[in-house]
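Here is the structure we will look at.
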Amino acid sequence: MSVVFEKPKSLANVPFHYCPGCTHGIIHRLVAEAIDELGIEGRAIGVAPVGCAVMAYDYFTCDMIEAAHGRAPAVATGIKRARPENIVFTYQGDGDLASIGMAETVHAAARNENITIIFVNNAIYGMTGGQMAPTSLPGQVTQTSPYGRDVKLTGYPVKVAELLSALDGPTYIERVAVNNVKNVKAAKKAILKAFKNQVEGRGFSLIEVVSSCPTNWGMTPEKALEWVDEKMIPYYPLGVYRDKTAETEEKA
Amino acid sequence: MANKVLMKGNEAIAEAAILAGCRHYFGYPITPQTEIAAYMAKRMPKIGGVFLQAESEVSAINMVYGVAGAGFRVMTSSSSPGISLKAEGISYIAGSDLPALIVNVQRGGPGLGGIQPSQSDYFQATRGGGHGDYHLLVYAPASVQEMADLTVLGFEKADEYRMPAMILADGTMGQMMEPVELPSGESKTFEKPWALSGTKCERPHNVVNSLYLKPEKLEEVNFARYERYRKIEETETMYESYLMEDAEYCVVAFGIAARVAKNAVIAARAKGIRVGMIRPITLWPFPKAPLAEAAKTVKAFLSVELSMGQMIEDVELATRSQKPVLLCNRAGGMIPTPEEVLGAIENMTKGV
């Protein structure tokens, strides 16, 4: 009997704590598959965030460090500067990366720091029970926007991929989603490239993964995936926002 | 004989750090410690080291956290308002049992305060400064020579005990120039099997972390850490005792205040007052034992500080307030003259 699917080596053999229907599991697997395929498990160092993925250090089998809320890109910068031969990645949510950690994110990108960032955008603070995030959509009901996000009071969502692509620094920025098989495959390709860029010394790569949070959105997992298609992706269009590697390949 | 060079205190810290094997420096501009960053910016690229000006003090300390986790000697420097911003990261470094060196060249506060010398971050430094139960090793140099020597020692002890160390200087110590004999010889190093280096697929993964969701476990970790602190209090306390053998009165001062106070003690002795001085070199651990011992024989203590009176609380605790503890202080960036301190010593002899 042929094996058609295996758990990646870089994922530990422990149960995730994530809620039913949460897409963190898929994204963890894609990261681990990329690490396996590039053969970098032995030199990878991951930086876990504060948020739902706070315990990512238990899930990845490579060396791991837990950062303070939002500080993962600074922590990753330190590690990468000290150990340039290692492959350093962060795994962060929207509150962590786009709110409290905005300065660290923008400046790591501006420096074209040779690190890989996996940014999970599910438009809500999941771990603390569903508060409004910097990426919550206009009108979105959350615990701290109970009447719907009023842009007159709270401003507009932060579009991270667009924002960072305004900088000269970063090498590769792509927004993907994991709400259907086709999108998962595209996300896999992007994440793999984001790690490969670092292996090749090309600089800062960030993959924004549009994700879902059935628990805090108050939806069934299935309905949440539909909401990604209907509401999230129109506001956060998928695609490549920056690819210096393509530019250099064209020149070559 | 080793060569003596004339250096600013801030530069002595920077050069001593390099001599101690530190090859990673992260900082953010703030007065009055800029010479440290400027020195590192010049030197690090020439010796294969890393100098990076971070986007904020918050980022700088988190870069330090990353490098410390990766197992290398690393430092940052700042001044009072910047240290407040670093407090979060310092708590994580302490909570993750990582070694690092943090330099605070203090200025007056609170808030934006001023840019003149101060010692008003004593509480912040000796009580940890950030959230949670933890301590830093806190060294208080009183000369440019000590700026250099304590920097090397700070790196070594931080590694030995896996905890952050702080050089608590002030604007005067940072700016003043004195002859200094730079440390020579190999700095003591320690194995770091816990460091993030990549598993090479040969060992279980290392995790650097301060999160323990199970309260029983977090309590256990805290108790174990404080057991280590207890040992440090026994073995790592440093102080200078000056003319205490026959002293009837005891001045307590550290850093630049001790330099001024020493002159006052000499002047008081010339007037026949039997006064001595205990100068804490480590502020944590605080030299409780010599103060408790002195409390048996002296009539009173005088705490000389560039703050509204912070160390005085530790003097009272160490002596169990058996004898009166008086305060001679200036604040906001002002420094007392030796005459002012002499006046306070004379008042002490009259009052008690």
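Just so we're on the same page: first chain in the structure tokens is A, next is B, and so on; residues restart at 1 for each chain, and ligands are numbered from 1 in the order they show up.
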Point to revise | 9 Å contacts from chain B to chain A using only C-alpha atoms, as a ChimeraX atom specification | key: /B:23-24,26,49-50,54-56,58-72,88-89,92,195-202,204-211
Review point. Neighbours of segment 175-177 of chain B within 7 Å (only C-alpha atoms; same-chain residues fewer than 5 positions away dropped), as a list in words?
Key: Leu6, Met7, Lys8, Gly9 and Asn10 of chain B
Practice item. Step one, run DSSP on the backbone; step two, keep only residues of segment 23-111 of chain A assigned to alpha helix (DSSP H); then write them as an MDAnalysis selection string. Key: chainID A and resid 24:38 72:82 94:95 102:110
Residue subset to file, keeping C-alpha atoms, as an mmCIF file, in the first residue's frame:
```cif
data_model
loop_
_atom_site.group_PDB
_atom_site.id
_atom_site.type_symbol
_atom_site.label_atom_id
_atom_site.label_comp_id
_atom_site.auth_asym_id
_atom_site.auth_seq_id
_atom_site.Cartn_x
_atom_site.Cartn_y
_atom_site.Cartn_z
ATOM 1 C CA HIS A 24 -3.819 27.333 12.284
ATOM 2 C CA GLY A 25 -3.403 23.549 11.944
ATOM 3 C CA ILE A 26 -3.239 23.789 8.164
ATOM 4 C CA ILE A 27 -0.789 26.688 8.278
ATOM 5 C CA HIS A 28 1.441 24.901 10.814
ATOM 6 C CA ARG A 29 1.520 21.917 8.476
ATOM 7 C CA LEU A 30 2.426 24.057 5.473
ATOM 8 C CA VAL A 31 5.293 25.650 7.399
ATOM 9 C CA ALA A 32 6.541 22.242 8.540
ATOM 10 C CA GLU A 33 6.285 20.839 5.011
ATOM 11 C CA ALA A 34 8.324 23.748 3.670
ATOM 12 C CA ILE A 35 10.992 23.151 6.331
ATOM 13 C CA ASP A 36 11.044 19.419 5.501
ATOM 14 C CA GLU A 37 11.216 19.946 1.757
ATOM 15 C CA LEU A 38 14.114 22.371 2.038
ATOM 16 C CA ALA A 72 8.948 38.521 17.208
ATOM 17 C CA PRO A 73 10.574 40.374 14.247
ATOM 18 C CA ALA A 74 13.042 42.053 16.636
ATOM 19 C CA VAL A 75 13.798 38.743 18.357
ATOM 20 C CA ALA A 76 14.239 37.093 14.948
ATOM 21 C CA THR A 77 16.537 39.941 13.883
ATOM 22 C CA GLY A 78 18.775 39.306 16.879
ATOM 23 C CA ILE A 79 18.944 35.565 16.262
ATOM 24 C CA LYS A 80 19.577 35.936 12.533
ATOM 25 C CA ARG A 81 22.325 38.520 13.068
ATOM 26 C CA ALA A 82 23.973 36.211 15.600
ATOM 27 C CA ASP A 94 -2.843 40.079 13.334
ATOM 28 C CA GLY A 95 -2.969 41.661 16.791
ATOM 29 C CA MET A 102 3.781 47.271 13.915
ATOM 30 C CA ALA A 103 7.069 49.070 14.525
ATOM 31 C CA GLU A 104 9.031 45.817 14.711
ATOM 32 C CA THR A 105 7.315 44.538 11.551
ATOM 33 C CA VAL A 106 7.823 47.672 9.465
ATOM 34 C CA HIS A 107 11.462 48.127 10.444
ATOM 35 C CA ALA A 108 12.425 44.483 9.949
ATOM 36 C CA ALA A 109 10.898 44.803 6.473
ATOM 37 C CA ALA A 110 12.622 48.129 5.812
#
```
Review point. Between A:Thr171, A:Lys244, A:Gly155, A:Thr135, which has the minimum distance to Asn122 of chain A (counting only C-alpha atoms)?
Key: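 Under the stated criterion, the closest residue is A:Thr135.
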Point to revise | Selection near Arg225 of chain B, 12 Å with only C-alpha atoms, sequence-local residues under 3 positions removed, as a list in words | key: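 Within the cut-off, the hits are Ala94, Gly95, Ser96, Asp97, Leu98, Asp133, Tyr134, His135, Leu136, Tyr161, Arg162, Met163, Leu218, Glu219, Glu220, Val221, Asn222, Arg228, Tyr229, Arg230, Lys231 and Ile232 of chain B.
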Distance query segment 145-155 of chain B at most 6 Å, only C-alpha atoms, self and fewer than 4 positions along chain excluded, as an mmCIF file with C-alpha atoms, in the first residue's frame:
```cif
data_model
loop_
_atom_site.group_PDB
_atom_site.id
_atom_site.type_symbol
_atom_site.label_atom_id
_atom_site.label_comp_id
_atom_site.auth_asym_id
_atom_site.auth_seq_id
_atom_site.Cartn_x
_atom_site.Cartn_y
_atom_site.Cartn_z
ATOM 1 C CA ALA B 12 35.473 52.220 28.847
ATOM 2 C CA ILE B 13 32.239 50.225 29.096
ATOM 3 C CA ALA B 16 35.557 46.379 28.074
ATOM 4 C CA ALA B 20 34.854 40.399 27.330
ATOM 5 C CA PRO B 141 30.780 51.664 39.303
ATOM 6 C CA ALA B 165 23.149 41.972 34.710
ATOM 7 C CA VAL B 180 41.967 53.182 33.011
#
```
Just the strand (DSSP E or B) stuff from segment 13-62 of chain A, please, per backbone DSSP, written as a PDB file with N, CA and C atoms, in the first residue's frame.
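Ended up saving to part.pdb:
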```
ATOM      1  N   ALA A  44      16.745  25.298  11.512  1.00  0.00           N
ATOM      2  CA  ALA A  44      15.656  26.270  11.651  1.00  0.00           C
ATOM      3  C   ALA A  44      15.511  26.686  13.119  1.00  0.00           C
ATOM      4  N   ILE A  45      15.191  27.968  13.328  1.00  0.00           N
ATOM      5  CA  ILE A  45      14.864  28.487  14.658  1.00  0.00           C
ATOM      6  C   ILE A  45      13.583  29.298  14.512  1.00  0.00           C
ATOM      7  N   GLY A  46      12.543  28.906  15.246  1.00  0.00           N
ATOM      8  CA  GLY A  46      11.244  29.567  15.121  1.00  0.00           C
ATOM      9  C   GLY A  46      10.984  30.513  16.281  1.00  0.00           C
ATOM     10  N   VAL A  47      10.264  31.582  15.991  1.00  0.00           N
ATOM     11  CA  VAL A  47       9.881  32.540  17.032  1.00  0.00           C
ATOM     12  C   VAL A  47       8.360  32.504  17.158  1.00  0.00           C
ATOM     13  N   ALA A  48       7.885  32.091  18.322  1.00  0.00           N
ATOM     14  CA  ALA A  48       6.444  32.006  18.564  1.00  0.00           C
ATOM     15  C   ALA A  48       5.934  33.366  19.039  1.00  0.00           C
ATOM     16  N   PHE A  60       6.462  22.770  16.728  1.00  0.00           N
ATOM     17  CA  PHE A  60       7.542  22.630  15.749  1.00  0.00           C
ATOM     18  C   PHE A  60       8.738  21.956  16.430  1.00  0.00           C
TER      19      PHE A  60
END
```
Practice item. Fewer than 6 positions away in the same chain doesn't count, so skip those; otherwise give me all residues within 9 Å of Gly171 of chain B, counting only C-alpha atoms, as a PyMOL selection string. Key: chain B and resi 31-33+79+105-107+115-118+333
Skipping near chain neighbours, those fewer than 2 positions away, what residues fall within 6 Å of segment 259-276 of chain B using only C-alpha atoms, listed as an mmCIF file with C-alpha atoms, in the first residue's frame?
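Generated output (out-v9.cif):
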```cif
data_model
loop_
_atom_site.group_PDB
_atom_site.id
_atom_site.type_symbol
_atom_site.label_atom_id
_atom_site.label_comp_id
_atom_site.auth_asym_id
_atom_site.auth_seq_id
_atom_site.Cartn_x
_atom_site.Cartn_y
_atom_site.Cartn_z
ATOM 1 C CA TYR B 242 36.412 52.888 54.037
ATOM 2 C CA LEU B 243 37.703 53.975 57.474
ATOM 3 C CA MET B 244 35.070 51.856 59.207
ATOM 4 C CA ALA B 247 33.839 54.632 62.938
ATOM 5 C CA GLU B 248 31.093 56.095 65.091
ATOM 6 C CA TYR B 249 29.137 57.207 62.064
ATOM 7 C CA CYS B 250 28.655 55.534 58.700
ATOM 8 C CA ILE B 256 29.311 59.285 41.830
ATOM 9 C CA ALA B 257 27.680 60.084 45.192
ATOM 10 C CA PRO B 338 31.627 67.676 49.450
ATOM 11 C CA VAL B 341 27.819 66.249 52.578
ATOM 12 C CA LEU B 342 30.250 67.374 55.292
#
```
Review point. Which one of A:Ala224, A:Phe5, A:Ser212, A:Ser165 sits closest to Thr23 of chain A if you count only C-alpha atoms?
Key: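 Of A:Ala224, A:Phe5, A:Ser212, A:Ser165, the one nearest Thr23 of chain A is A:Ser212, counting only C-alpha atoms.
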Exercise for review: With a distance cut-off of 10 Å and only C-alpha atoms, select the neighbouring residues of Cys52 of chain A, excluding the residue or stretch itself and same-chain residues fewer than 2 positions from it, and output the selection as a PyMOL selection string.
Suggested key: chain A and resi 17-19+24+48-50+54-56+92-93+125-129
Point to revise | Residue with smallest distance to Tyr147 of chain A - pool A:Arg242, A:Met132, A:Asn112, A:Pro15, counting only C-alpha atoms | key: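 Checking each of A:Arg242, A:Met132, A:Asn112, A:Pro15 against Tyr147 of chain A, counting only C-alpha atoms, the winner is A:Met132.
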Check your understanding: Of the candidates B:Ala292, B:Ile335, B:Met277, B:Met166, which one gets nearest to Val315 of chain B if we count only C-alpha atoms?
Key ->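 Closest residue, counting only C-alpha atoms: B:Ala292.
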